Amino acid sequence: MTTPAERYAAHRQRMAGFTPALTEFQSLYDFDLDFFQVDGCRALEDGHGVLVAAPTGSGKTVVGEFAVHLALAGGQKCFYTTPIKALSNQKYADLVRRYGTGKVGLLTGDNAINGEAPIVVMTTEVLRNMLYAGSPTLSGLAYVVMDEVHYLADRFRGAVWEEVIIHLPESVRLVALSATVSNAEEFGEWLQEVRGETTVIVDEERPVPLWQHMLAGNRLYDLFVDDDHTKVNPDLRRFALDDLRRTRINQSRRSGRRRERRPERYRPPSRADVIDRLDRAGLLPAITFIFSRAGCDAAVEQCMYSALRLTSKEEAEQIRAHVEARTADIPRADLEVLGYGTWLAGLERGLAAHHAGMLPTFKEIVEELFTEGLIKAVFATETLALGINMPARTVVIERLVKWNGEMHADLTPGEYTQLTGRAGRRGIDVEGHAVVLWAPGVDPASVAGLAGTRTYPLNSSFRPSYNMAVNLVGQVGRERARTLLEESFAQFQADRAVVGLAKQLRRNEEALEGYLEAATCDTGDFMEYARLRQRLTERERELARERSGTRRAEAARSLERLRFGDVIMVPHGRFAGAAVVLEPGAGKRSDDPSPLVLTINRQVKQLALADFRGPVEPVDRIKIPQWFSRRSAQHRRDLASTLRNKTAHLDKPRPQKHPDSTREDSQITDLRRRLREHACHGCSDREDHARWAERYFRLEKETAALRRRVEGRSQVISRTFDRVCAVLEQLGYLDGERVTDEGRRLGRIYTELDLLTAEGLRAGLFDDLGPAQLAALVSALVYESRQPEDGRAPRVPAGPVREALTEMLRLWGELQEIEKDHRVAFLREPDLGFAWAAHRWASGDQLDAVLADADLTAGDFVRWMKQLLDMLGQVADAAPPGSAVRGVAGRAMDAIRRGVVAYSSVG
């Protein structure tokens with residue numbers, strides 16, 4: 001524990017050098033800012049972007065809130081983005097409490113409150129859509145906070161985060177808030193490349209220390225017995241060995257080798273016993289993570305059957321009052337269907353489940369009561385570990401294995417860290433506790449490895465989509481779009497160097513536009529004139545190369561004819577002058593005619609083609625004695641003397657001229673004529689314009705080389721983008737660099753099945769349907785079953801809906817074949833499993849009948865209905881002007897937005 005003097009000294013150190021803005025901001029909190037928070041705030045004041053990677057509950061959002069503070073102080077805007085609507089709602093409420101409703105807005109798709117406020121909280125998708133649409137709301141934007149930015153690893157939605165980061169204007173400062181990830185520096189380097197100066201702040205320290213335990217039998221073991229968390233508790237190891245020994249004895253006796261009485265197998269404590277044990281140890285409130293929805297509900301039932309009660313009479317009354325107030329608008333009949341009475345009874349005892357299958361309103365109530373300290377034990381799926389601010393004193397993990405959608409897999413260290421990060425409430429608990437329940441065969445060392453390793457890598461899930469392609473091409477053109485996509489984090493991880501190259505390529509392209517403007521001439525098209533000059537220069541060089549090549553070939557043929565003793569004149573170079581051939585064709589290759597000669601200066605040298613500019617003819621001949629040795633200095637002197645006497649009467653060699661060197665070329669003559677006749681030839685500023693044009697050509701050449709370097713790299717993203725564009729061109733959504741009318745409609749559809757939706761609109765699948773029928777059809781574009789197919793065909797409404805769904809599946813098959821041709825695979829098969837429920841609900845049927853028929857939980861039902869509402873809105877927006885689909889979609893939305901769907905905010 002630190003002493004008061006030490007705490008005071010630390011406080012003074014933090015406050016040293018505080019600016020007025022930071023001092024004012026500090027006064028908003030009843031605690032001193034941590035050093036990493038101060039560092040982040042100072043970086044923002046210095047004009048940098050910031051990446052803060054810190055554990056759950058460490059207070060990293062304070063840095064984002066400082067961006068809000070700076071924006072308001074400077075009369076600018078700040079957007080605060082979150083990955084889920086529930087978090088947006090929560091953050092909106094927090095900021096409204098601080099700054100008032102007039103300064104804060106909310107945009108989530110479901111809610112649009114004060115959208116032009118200086119501070120707007122929104123989901124990341126909303127900001128992405130604004131950027132593509134060029135929304136005027138972006139005017140004056142100075143800061144964007146991206147909370148939970150590690151969501152960019154999400155397989156389904158992660159691309160949205162990268163799209164926003166890449167496309168935000170350069171003037172906007174980005175505040176990225178992330179969980180502790182093992183490659184924060186790598187992510188920060190990418191941000192530095194695409195966003196400019198970015199300060200990376202990594203804080204590994206939890207604000208509340210975390211103690212690791214294992215509960216075996218009735219005993220709560222400490223996992224580690226040293227402060228460094230490296231030495232595993234020997235008592236726990238001994239327990240594990242004893243369990244292993246018992247297991248082997250049991251296996252031996254089952255095989256019939258021994259007949260003694262079987263020792264009793266280890267029985268894990270019941271869930272009620274675990275909660276009771278934690279209660280007696282003062283470790284509540286607790287969140288127990290169970291990796292199934294049914295398991296969470298069963299845990300609450302087991303605790304209730306055991307007569308476990310964790311609340312006082314007064315607390316139970318507070319819980320009932322809160323619940324009744326929050327559910328007052330939900331119809332009583334619907335509450336009965338939702339099991340309201342049993343759920344409320346559990347809450348009054350301090351017990352609750354929390355998972356995606358619950359009604360969103362019920363989940364929110366659990367979160368509120370738990371935060372207020374009225375709910376003591378929550379049994380939750382791992383989705384609770386992401387996003388919602390709902391820390392506990394203790395986190396319990398029942399099993400270290402979970403179903404990942406394909407198989408039962410061990411928890412990773414990153415997942416373990418994410419789950420246990422909920423333990424320890426800042427400002428309430430002096431320490432948090434993580435408890436792993438013992439299970440036969442568990443090795444304590446493996447658990448220690450999970451607890452002691454912080455390996456949570458952030459890996460990009462980015463890939464171009466059809467919607468993204470048309471929006472990008474429409475905004476910046478196809479080539480620039482490819483360059484932009486090369487700046488993605490996915491490309492950075494695939495080939496880190498290509499991001500820097502792509503950014504330089506983008507700068508070069510912008511500079512080229514500037515050079516073009518500077519070279520503009522009032523008298524005519526100067527770049528046309530400059531290209532004529534360039535072609536003239538190139539032709540002259542080409543002709544020189546041709547002539548040089550001709551002379552080189554002639555020289556080679558003449559060298560081949562030389563014989564032993566021939567006297568030649570070397571026209572230029574270090575060996576210029578007379579020489580006598582000692583060895584014709586002495587080159588190392590059989591096709592090398594270069595001779596070995598003795599120069600007049602008594603040097604034995606190998607000549608090369610470069611020493612001659614034309615054919616070589618012997619000028620005399622010397623009879624060389626057979627006993628001559630080039631290694632003998634005396635022999636070389638005698639032969640050089642003879643050579644000197646033989647050539648004394650000859651003039652020094654002059655540079656050779658090719659007979660065609662002065663002949664004019666017809667292309668050169670024509671180019672010179674066209675230059676003289678061009679309008680820009682007489683411009684008084686011609687040479688000034690020419691200098692800009694020359695810069696343009698030099699940079700154009702450099703840019704082409706840079707583009708080849710980029711294309712020569714991995715091109716993971718750009719190749720996919722090209723294939724996507726090829727699909728869109730074949731279907732008529734792109735016409736070269738132009739986005740067609742159909743393409744612009746596709747640009748308004750943000751869904752995994754964007755292209756199928758656009759093709760459905762074009763084919764008229766949505767025409768001639770009523771509201772309930774349209775809801776059923778569109779549901780197939782958003783719904784995805786949680787469980788694998790059981791072989792039975794899903795129930796669908798008869799008549800026009802069935803026909804439209806059949807046609808949609810046929811259309812999907814055609815698109816799949818087109819995708820195969822272009823080596824992409826984006827479009828999953830439409831899922832008809834929600835069509836019947838959507839049709840019945842939009843037709844006005846009651847909740848109990850719809851849920852019973854659909855085999856869905858209330859939470860899943862509401863969640864899919866909310867997504868269906870959003871999709872219907874997109875269909876209405878993308879439908880052609882004057883189309884009846886727009887009105888029908890609006891009536892379908894009105895029919896759906898009732899009962900629990902209307903009263904449930906989205907979690």
# chains A, B, ... in the order shown; residues from 1 in each chain; ligands from 1
>>> residues_around(residues="Lys820 of chain A", least_positions_apart="5", cutoff="12 Å", atoms="only C-alpha atoms", output="ChimeraX atom specification")
/A:723-724,726-727,813-815,825-827
>>> closest_atom_pairs(of="segment 55-157 of chain A", to="segment 16-28 of chain A", cutoff="10 Å", atoms="only C-alpha atoms", output="CSV")
residue,atom,partner,partner_atom,distance
A:Val62,CA,A:Phe25,CA,9.8
A:Glu65,CA,A:Phe25,CA,9.1
A:Phe66,CA,A:Phe25,CA,7.1
A:His69,CA,A:Phe25,CA,7.2
A:Leu70,CA,A:Ala21,CA,7.6
A:Ala73,CA,A:Ala21,CA,8.3
A:Arg98,CA,A:Leu28,CA,8.7
>>> select_by_dssp(residues="segment 21-191 of chain A", states="strand (DSSP E)", output="ChimeraX atom specification")
/A:49-53,77-82,104-107,112-113,119-123,141-146,173-178
>>> write_last_selection(atoms="N, CA, C and O atoms", output="short mmCIF file (atom, residue, chain, number, x, y, z; two decimals), in the first residue's frame")
data_model
loop_
_atom_site.label_atom_id
_atom_site.label_comp_id
_atom_site.auth_asym_id
_atom_site.auth_seq_id
_atom_site.Cartn_x
_atom_site.Cartn_y
_atom_site.Cartn_z
N GLY A 49 -3.09 12.09 -33.14
CA GLY A 49 -4.07 11.05 -32.89
C GLY A 49 -3.54 10.17 -31.77
O GLY A 49 -2.35 10.21 -31.42
N VAL A 50 -4.42 9.35 -31.18
CA VAL A 50 -4.01 8.54 -30.03
C VAL A 50 -4.60 7.14 -30.16
O VAL A 50 -5.76 6.97 -30.54
N LEU A 51 -3.77 6.13 -29.87
CA LEU A 51 -4.24 4.76 -29.67
C LEU A 51 -3.95 4.40 -28.22
O LEU A 51 -2.80 4.45 -27.79
N VAL A 52 -5.00 4.07 -27.47
CA VAL A 52 -4.84 3.65 -26.08
C VAL A 52 -5.27 2.19 -25.98
O VAL A 52 -6.42 1.86 -26.24
N ALA A 53 -4.33 1.33 -25.61
CA ALA A 53 -4.63 -0.08 -25.39
C ALA A 53 -4.44 -0.36 -23.90
O ALA A 53 -3.34 -0.25 -23.37
N LYS A 77 -16.65 19.78 -33.64
CA LYS A 77 -17.48 18.59 -33.44
C LYS A 77 -16.63 17.39 -33.05
O LYS A 77 -15.47 17.28 -33.46
N CYS A 78 -17.25 16.49 -32.30
CA CYS A 78 -16.63 15.21 -31.97
C CYS A 78 -17.68 14.12 -32.12
O CYS A 78 -18.79 14.26 -31.59
N PHE A 79 -17.34 13.08 -32.85
CA PHE A 79 -18.22 11.90 -32.96
C PHE A 79 -17.63 10.81 -32.06
O PHE A 79 -16.44 10.51 -32.12
N TYR A 80 -18.49 10.20 -31.28
CA TYR A 80 -18.07 9.12 -30.38
C TYR A 80 -18.73 7.84 -30.88
O TYR A 80 -19.94 7.69 -30.77
N THR A 81 -17.94 6.93 -31.44
CA THR A 81 -18.52 5.72 -32.04
C THR A 81 -18.31 4.51 -31.14
O THR A 81 -17.30 4.39 -30.45
N THR A 82 -19.29 3.61 -31.17
CA THR A 82 -19.22 2.37 -30.41
C THR A 82 -19.66 1.21 -31.32
O THR A 82 -20.33 1.44 -32.33
N VAL A 104 -25.51 17.19 -27.00
CA VAL A 104 -25.21 15.79 -27.29
C VAL A 104 -26.32 15.18 -28.13
O VAL A 104 -27.51 15.38 -27.85
N GLY A 105 -25.93 14.44 -29.18
CA GLY A 105 -26.90 13.76 -30.03
C GLY A 105 -26.63 12.27 -30.06
O GLY A 105 -25.61 11.78 -29.58
N LEU A 106 -27.57 11.52 -30.66
CA LEU A 106 -27.47 10.06 -30.75
C LEU A 106 -27.98 9.61 -32.11
O LEU A 106 -29.09 9.97 -32.51
N LEU A 107 -27.17 8.80 -32.82
CA LEU A 107 -27.58 8.24 -34.10
C LEU A 107 -27.21 6.76 -34.10
O LEU A 107 -26.03 6.41 -34.14
N ALA A 112 -32.61 8.68 -33.61
CA ALA A 112 -31.96 9.85 -34.21
C ALA A 112 -32.34 11.04 -33.36
O ALA A 112 -33.43 11.60 -33.49
N ILE A 113 -31.45 11.42 -32.45
CA ILE A 113 -31.71 12.50 -31.50
C ILE A 113 -30.65 13.58 -31.70
O ILE A 113 -29.46 13.33 -31.53
N ILE A 119 -21.61 17.20 -30.24
CA ILE A 119 -21.16 15.88 -29.82
C ILE A 119 -22.25 14.88 -30.20
O ILE A 119 -23.40 15.01 -29.78
N VAL A 120 -21.88 13.89 -31.02
CA VAL A 120 -22.86 12.88 -31.46
C VAL A 120 -22.29 11.50 -31.18
O VAL A 120 -21.18 11.18 -31.60
N VAL A 121 -23.06 10.70 -30.46
CA VAL A 121 -22.70 9.30 -30.22
C VAL A 121 -23.40 8.47 -31.29
O VAL A 121 -24.57 8.68 -31.59
N MET A 122 -22.68 7.51 -31.86
CA MET A 122 -23.25 6.73 -32.95
C MET A 122 -22.56 5.38 -33.05
O MET A 122 -21.48 5.18 -32.50
N THR A 123 -23.21 4.46 -33.74
CA THR A 123 -22.54 3.20 -34.05
C THR A 123 -21.57 3.45 -35.21
O THR A 123 -21.73 4.39 -35.99
N LEU A 141 -16.10 18.62 -38.25
CA LEU A 141 -15.68 17.48 -37.43
C LEU A 141 -14.18 17.56 -37.16
O LEU A 141 -13.39 17.64 -38.09
N ALA A 142 -13.80 17.53 -35.88
CA ALA A 142 -12.39 17.64 -35.51
C ALA A 142 -11.86 16.36 -34.86
O ALA A 142 -10.67 16.07 -34.95
N TYR A 143 -12.74 15.61 -34.17
CA TYR A 143 -12.29 14.41 -33.45
C TYR A 143 -13.28 13.27 -33.68
O TYR A 143 -14.49 13.50 -33.76
N VAL A 144 -12.75 12.07 -33.79
CA VAL A 144 -13.57 10.87 -33.79
C VAL A 144 -13.00 9.91 -32.76
O VAL A 144 -11.80 9.59 -32.81
N VAL A 145 -13.84 9.48 -31.84
CA VAL A 145 -13.44 8.48 -30.85
C VAL A 145 -14.00 7.14 -31.31
O VAL A 145 -15.20 7.02 -31.57
N MET A 146 -13.14 6.14 -31.42
CA MET A 146 -13.58 4.79 -31.79
C MET A 146 -13.37 3.89 -30.59
O MET A 146 -12.24 3.43 -30.33
N ARG A 173 -8.75 14.20 -35.98
CA ARG A 173 -7.89 13.46 -35.07
C ARG A 173 -8.65 12.25 -34.55
O ARG A 173 -9.79 12.36 -34.07
N LEU A 174 -8.00 11.09 -34.63
CA LEU A 174 -8.63 9.83 -34.23
C LEU A 174 -8.17 9.43 -32.84
O LEU A 174 -6.98 9.43 -32.54
N VAL A 175 -9.14 9.06 -31.99
CA VAL A 175 -8.84 8.50 -30.68
C VAL A 175 -9.34 7.05 -30.70
O VAL A 175 -10.54 6.81 -30.71
N ALA A 176 -8.41 6.11 -30.76
CA ALA A 176 -8.76 4.69 -30.83
C ALA A 176 -8.55 4.06 -29.46
O ALA A 176 -7.46 4.12 -28.90
N LEU A 177 -9.61 3.46 -28.92
CA LEU A 177 -9.57 2.85 -27.59
C LEU A 177 -9.72 1.34 -27.75
O LEU A 177 -10.70 0.86 -28.31
N SER A 178 -8.74 0.60 -27.25
CA SER A 178 -8.72 -0.84 -27.49
C SER A 178 -8.47 -1.59 -26.19
O SER A 178 -7.85 -1.07 -25.26
#
>>> residues_around(residues="segment 761-770 of chain A", least_positions_apart="2", cutoff="9 Å", atoms="only C-alpha atoms", output="MDAnalysis selection string")
chainID A and resid 742 756:759 772:775 777:778 800:801 804:805 807:808 875 878:880 883:885 888:889 891:892
>>> residues_around(residues="Phe362 of chain A", least_positions_apart="3", cutoff="12 Å", atoms="only C-alpha atoms", output="PyMOL selection string")
chain A and resi 322-324+326-327+330+335+338-340+343-344+347+352-359+365-369+858-859+862+900+903-907
>>> residues_around(residues="Gly158 of chain A", least_positions_apart="5", cutoff="9 Å", atoms="only C-alpha atoms", output="PyMOL selection string")
chain A and resi 150-153+460-462
>>> residues_around(residues="Thr342 of chain A", least_positions_apart="5", cutoff="12 Å", atoms="only C-alpha atoms", output="PyMOL selection string")
chain A and resi 297+300-301+304-305+335-337+347-349+351-353
>>> select_by_dssp(residues="segment 296-344 of chain A", states="helix (DSSP H, G or I)", output="ChimeraX atom specification")
/A:296-305,313-326,332-337,340-344
>>> residues_around(residues="Ala895 of chain A", least_positions_apart="6", cutoff="8 Å", atoms="only C-alpha atoms", output="PyMOL selection string")
chain A and resi 771-772+841-844
>>> closest_atom_pairs(of="segment 10-121 of chain A", to="segment 200-203 of chain A", cutoff="12 Å", atoms="only C-alpha atoms", output="CSV")
residue,atom,partner,partner_atom,distance
A:Asp34,CA,A:Asp203,CA,10.2
A:Phe35,CA,A:Asp203,CA,9.4
A:Phe36,CA,A:Asp203,CA,6.7
A:Gln37,CA,A:Ile201,CA,8.9
A:Val38,CA,A:Ile201,CA,10.5
A:Asp39,CA,A:Ile201,CA,7.7
A:Gly40,CA,A:Ile201,CA,7.0
A:Cys41,CA,A:Ile201,CA,10.8
A:Arg42,CA,A:Ile201,CA,11.6
A:Ala43,CA,A:Val200,CA,9.5
A:Leu44,CA,A:Val200,CA,11.5
A:His48,CA,A:Val200,CA,10.0
A:Gly49,CA,A:Val200,CA,8.7
A:Val50,CA,A:Val200,CA,6.0
A:Leu51,CA,A:Val200,CA,4.8
A:Val52,CA,A:Ile201,CA,4.8
A:Ala53,CA,A:Val202,CA,4.9
A:Ala54,CA,A:Asp203,CA,4.9
A:Pro55,CA,A:Asp203,CA,7.4
A:Thr56,CA,A:Asp203,CA,10.9
A:Gly57,CA,A:Asp203,CA,11.8
A:Ser58,CA,A:Asp203,CA,8.7
A:Gly59,CA,A:Asp203,CA,10.6
A:Lys60,CA,A:Asp203,CA,9.3
A:Val63,CA,A:Ile201,CA,10.8
>>> atom_distance(atom1="atom CA of Leu501 of chain A", atom2="atom CA of Asn183 of chain A")
21.8 Å
>>> atom_distance(atom1="atom CA of Leu731 of chain A", atom2="atom CA of Glu819 of chain A")
11.1 Å
